[in-house]
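Here's my_file18.cif, which has mmCIF, C-alpha atoms:
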```cif
data_query
#
loop_
_atom_site.label_atom_id
_atom_site.label_comp_id
_atom_site.auth_asym_id
_atom_site.auth_seq_id
_atom_site.Cartn_x
_atom_site.Cartn_y
_atom_site.Cartn_z
CA MET A 1 0.00 0.00 0.00
CA ILE A 2 1.26 3.44 -0.89
CA GLY A 3 0.81 5.88 1.94
CA TRP A 4 2.01 9.27 3.01
CA GLU A 5 5.11 7.71 4.61
CA ASN A 6 6.53 6.82 1.20
CA GLY A 7 9.43 9.25 0.76
CA TRP A 8 9.45 8.87 -3.01
CA LEU A 9 5.98 10.37 -3.24
CA TRP A 10 7.21 13.40 -1.33
CA ILE A 11 10.18 13.77 -3.68
CA ILE A 12 7.93 13.50 -6.75
CA ALA A 13 5.68 16.15 -5.21
CA ALA A 14 8.76 18.34 -4.65
CA LEU A 15 9.74 18.00 -8.31
CA LEU A 16 6.21 18.92 -9.39
CA LEU A 17 6.30 21.99 -7.14
CA ALA A 18 9.66 22.98 -8.64
CA LEU A 19 8.08 22.65 -12.09
CA VAL A 20 5.25 24.94 -11.01
CA GLU A 21 7.92 27.40 -9.81
CA LEU A 22 9.36 27.46 -13.33
CA ILE A 23 5.95 28.37 -14.72
CA LEU A 24 4.99 30.85 -11.96
CA PRO A 25 8.24 32.31 -10.58
CA GLY A 26 8.24 33.98 -7.20
CA TYR A 27 10.15 31.62 -4.87
CA VAL A 28 6.91 30.62 -3.13
CA PHE A 29 6.67 27.21 -4.77
CA MET A 30 10.43 26.75 -4.54
CA GLY A 31 10.22 27.10 -0.76
CA MET A 32 7.48 24.50 -0.67
CA ALA A 33 9.42 22.24 -3.04
CA GLY A 34 12.50 22.43 -0.83
CA ALA A 35 10.53 21.66 2.31
CA VAL A 36 8.71 18.73 0.70
CA ALA A 37 12.03 17.38 -0.62
CA VAL A 38 13.58 17.58 2.85
CA MET A 39 10.62 15.72 4.31
CA GLY A 40 10.91 13.10 1.56
CA LEU A 41 14.57 12.61 2.38
CA LEU A 42 13.79 12.33 6.08
CA LEU A 43 11.20 9.66 5.32
CA LEU A 44 13.51 7.75 2.98
CA ALA A 45 16.32 7.79 5.54
CA GLY A 46 13.94 6.56 8.24
CA ILE A 47 14.69 9.57 10.45
CA TRP A 48 11.09 10.83 10.63
CA THR A 49 9.04 8.90 13.15
CA GLY A 50 6.26 11.42 13.72
CA GLY A 51 2.83 11.15 12.20
CA LEU A 52 1.31 12.93 9.23
CA PRO A 53 0.08 15.99 11.17
CA MET A 54 3.55 16.69 12.55
CA ALA A 55 5.07 16.05 9.11
CA LEU A 56 2.77 18.69 7.63
CA VAL A 57 3.60 21.15 10.40
CA LEU A 58 7.34 20.63 9.90
CA THR A 59 6.90 20.95 6.13
CA ALA A 60 5.04 24.26 6.58
CA LEU A 61 7.72 25.63 8.91
CA LEU A 62 10.51 24.52 6.59
CA SER A 63 8.67 26.04 3.65
CA GLY A 64 8.53 29.42 5.33
CA ALA A 65 12.18 29.25 6.38
CA ILE A 66 13.36 28.24 2.91
CA TRP A 67 11.24 30.96 1.31
CA LEU A 68 12.75 33.54 3.68
CA VAL A 69 16.31 32.43 2.88
CA LEU A 70 15.64 32.45 -0.87
CA SER A 71 14.02 35.89 -0.75
CA ARG A 72 17.02 37.27 1.17
CA LEU A 73 19.47 35.70 -1.29
CA ARG A 74 17.53 37.07 -4.25
CA GLY A 75 17.88 40.65 -3.06
CA VAL A 76 16.05 43.66 -4.44
CA ASP A 77 14.28 43.37 -7.76
CA ARG A 78 15.87 46.05 -9.93
CA SER A 79 13.11 45.81 -12.53
CA ALA A 80 10.37 46.68 -10.04
CA THR A 81 8.47 49.92 -10.33
CA ARG A 82 10.33 52.76 -8.66
CA ILE A 83 8.66 55.52 -6.72
CA TRP A 84 10.32 58.84 -7.34
CA ARG A 85 10.10 61.32 -4.49
CA ASP A 86 11.89 64.15 -6.30
CA ASP A 87 11.61 65.50 -9.79
CA ILE A 88 14.71 66.16 -11.86
CA ASN A 89 13.61 69.79 -12.11
CA ASP A 90 13.23 70.27 -8.37
CA ASN A 91 15.59 72.78 -6.87
CA PRO A 92 17.12 71.67 -3.54
CA ARG A 93 17.07 75.31 -2.37
CA ASP A 94 13.28 75.29 -2.55
CA LYS A 95 13.21 72.56 0.09
CA GLY A 96 15.53 74.23 2.53
CA GLY A 97 18.60 72.53 1.14
CA PRO A 98 22.11 73.98 1.11
CA THR A 99 22.68 77.16 -0.82
CA PRO A 100 25.85 77.69 -2.84
#
```
Final C-alpha cells representation of the file:
Amino acid sequence: MIGWENGWLWIIAALLLALVELILPGYVFMGMAGAVAVMGLLLLAGIWTGGLPMALVLTALLSGAIWLVLSRLRGVDRSATRIWRDDINDNPRDKGGPTP
C-alpha cells in the first residue's frame, strides 16, 4: 500500500512543485518544493518517526524558512516599479537645502 510515509511520493511532489515554480516564478513554490524534498529525504532515511500531522507542520515551517532564505538571497528586484520622491527639475534650495 502506498501511503504518506513513502518518501518517493514526497520527492515526486517536490519535483512537481519545482516545475510549477518554473511556470509561476516567485520563490513561493520553490520554498514549498524544498521543504517537501527535505521531508521526503527524512522519510527515505527513516529519520522521521512522527505522524502525518507533525510532518505537515514541519513541512510548513521549513517552507517558510526556505522561502525567507531564498528571498534574502535574491535581493532587491531592480526591474520593479520605482517611486520617485523628487523631480529632476526640483531645486534643492526650494526645500531648505544647502545654498551655494
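Distances to Val36 in chain A were evaluated for A:Trp10, A:Trp48, A:Trp67, A:Trp4 using all atoms listed in the file, and the minimum falls at A:Trp10.
Nearest-residue note for Gly31 in chain A: choosing from A:Ala18, A:Leu44, A:Leu52, A:Leu9, the minimum distance belongs to A:Ala18, counting all atoms listed in the file.
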Could you tell me which of A:Ala60, A:Tyr27, A:Asp87, A:Met32 comes closest to Leu73 in chain A if we count all atoms listed in the file? A:Tyr27
Enter the distance from CA of Val38 in chain A to CA of Thr59 in chain A, in Å, rounded to one decimal. 8.2 Å
What gap, in Å, lies between CA of Glu21 in chain A and CA of Gly40 in chain A? 18.5 Å
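One distance worth recording is that between CA of Ile12 in chain A and CA of Pro53 in chain A, which is 19.7 Å.
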Pick from A:Leu42, A:Val69, A:Leu62, A:Met30 nearest to Leu16 in chain A, counting only C-alpha atoms: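 Comparing A:Leu42, A:Val69, A:Leu62, A:Met30 against Leu16 in chain A, the winner is A:Met30.
Within the 12 Å cut-off around Ser71 in chain A, using all atoms listed in the file and omitting residues fewer than 5 positions from it on the same chain, the listed residues are Pro25, Gly26, Tyr27, Val28, Met30, Gly31, Gly64, Ala65, Ile66, Val76 and Asp77 of chain A.
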Which of these residues is nearest to Phe29 in chain A, using all atoms listed in the file: A:Val57, A:Thr49, A:Ser63, A:Gly3?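 Nearest to Phe29 in chain A: A:Ser63.
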May I ask you to restore all heavy atoms in range 15-26 of chain A and write the result as a CSV table (one decimal), in the frame of the given file?
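That gives us rebuild_12.csv:
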```
chain,number,residue,atom,x,y,z
A,15,LEU,N,9.4,17.7,-6.9
A,15,LEU,CA,9.7,18.0,-8.3
A,15,LEU,C,8.6,18.7,-9.0
A,15,LEU,O,8.8,19.6,-9.9
A,15,LEU,CB,10.1,16.7,-9.0
A,15,LEU,CG,11.5,16.1,-8.5
A,15,LEU,CD1,11.7,14.7,-9.2
A,15,LEU,CD2,12.6,17.0,-8.8
A,16,LEU,N,7.4,18.3,-8.8
A,16,LEU,CA,6.2,18.9,-9.4
A,16,LEU,C,6.1,20.4,-8.9
A,16,LEU,O,5.8,21.3,-9.7
A,16,LEU,CB,4.9,18.1,-9.1
A,16,LEU,CG,4.8,16.8,-9.8
A,16,LEU,CD1,3.6,16.0,-9.3
A,16,LEU,CD2,4.8,17.0,-11.3
A,17,LEU,N,6.3,20.6,-7.6
A,17,LEU,CA,6.3,22.0,-7.1
A,17,LEU,C,7.4,22.8,-7.8
A,17,LEU,O,7.2,24.0,-8.0
A,17,LEU,CB,6.4,22.0,-5.6
A,17,LEU,CG,5.1,21.6,-4.9
A,17,LEU,CD1,5.4,21.4,-3.4
A,17,LEU,CD2,4.0,22.6,-5.0
A,18,ALA,N,8.6,22.2,-8.0
A,18,ALA,CA,9.7,23.0,-8.6
A,18,ALA,C,9.3,23.3,-10.1
A,18,ALA,O,9.6,24.4,-10.6
A,18,ALA,CB,10.9,22.2,-8.6
A,19,LEU,N,8.6,22.4,-10.7
A,19,LEU,CA,8.1,22.6,-12.1
A,19,LEU,C,7.1,23.8,-12.1
A,19,LEU,O,7.1,24.7,-13.0
A,19,LEU,CB,7.5,21.4,-12.7
A,19,LEU,CG,6.9,21.5,-14.1
A,19,LEU,CD1,8.1,21.7,-15.1
A,19,LEU,CD2,6.1,20.3,-14.5
A,20,VAL,N,6.2,23.8,-11.1
A,20,VAL,CA,5.2,24.9,-11.0
A,20,VAL,C,6.0,26.2,-10.8
A,20,VAL,O,5.6,27.3,-11.3
A,20,VAL,CB,4.2,24.7,-9.9
A,20,VAL,CG1,3.4,25.9,-9.6
A,20,VAL,CG2,3.3,23.5,-10.2
A,21,GLU,N,7.1,26.2,-10.0
A,21,GLU,CA,7.9,27.4,-9.8
A,21,GLU,C,8.5,27.9,-11.1
A,21,GLU,O,8.6,29.1,-11.3
A,21,GLU,CB,9.0,27.1,-8.8
A,21,GLU,CG,10.0,28.2,-8.6
A,21,GLU,CD,9.3,29.4,-7.9
A,21,GLU,OE1,8.4,29.2,-7.1
A,21,GLU,OE2,9.7,30.6,-8.2
A,22,LEU,N,8.9,27.0,-12.0
A,22,LEU,CA,9.4,27.5,-13.3
A,22,LEU,C,8.3,28.2,-14.1
A,22,LEU,O,8.6,29.1,-14.9
A,22,LEU,CB,9.9,26.3,-14.1
A,22,LEU,CG,11.2,25.6,-13.6
A,22,LEU,CD1,11.5,24.4,-14.4
A,22,LEU,CD2,12.3,26.6,-13.7
A,23,ILE,N,7.0,27.8,-14.0
A,23,ILE,CA,6.0,28.4,-14.7
A,23,ILE,C,5.5,29.7,-14.1
A,23,ILE,O,5.2,30.7,-14.7
A,23,ILE,CB,4.8,27.4,-14.8
A,23,ILE,CG1,5.2,26.2,-15.6
A,23,ILE,CG2,3.6,28.0,-15.5
A,23,ILE,CD1,4.2,25.0,-15.6
A,24,LEU,N,5.4,29.7,-12.7
A,24,LEU,CA,5.0,30.8,-12.0
A,24,LEU,C,6.1,31.3,-11.0
A,24,LEU,O,6.0,30.9,-9.8
A,24,LEU,CB,3.7,30.5,-11.2
A,24,LEU,CG,2.5,30.1,-12.0
A,24,LEU,CD1,1.4,29.5,-11.1
A,24,LEU,CD2,2.0,31.2,-12.8
A,25,PRO,N,7.1,32.0,-11.5
A,25,PRO,CA,8.2,32.3,-10.6
A,25,PRO,C,7.8,33.3,-9.5
A,25,PRO,O,6.9,34.1,-9.6
A,25,PRO,CB,9.3,33.0,-11.5
A,25,PRO,CG,8.5,33.4,-12.7
A,25,PRO,CD,7.3,32.5,-12.8
A,26,GLY,N,8.5,33.1,-8.3
A,26,GLY,CA,8.2,34.0,-7.2
A,26,GLY,C,8.8,33.4,-5.9
A,26,GLY,O,8.6,34.0,-4.9
```
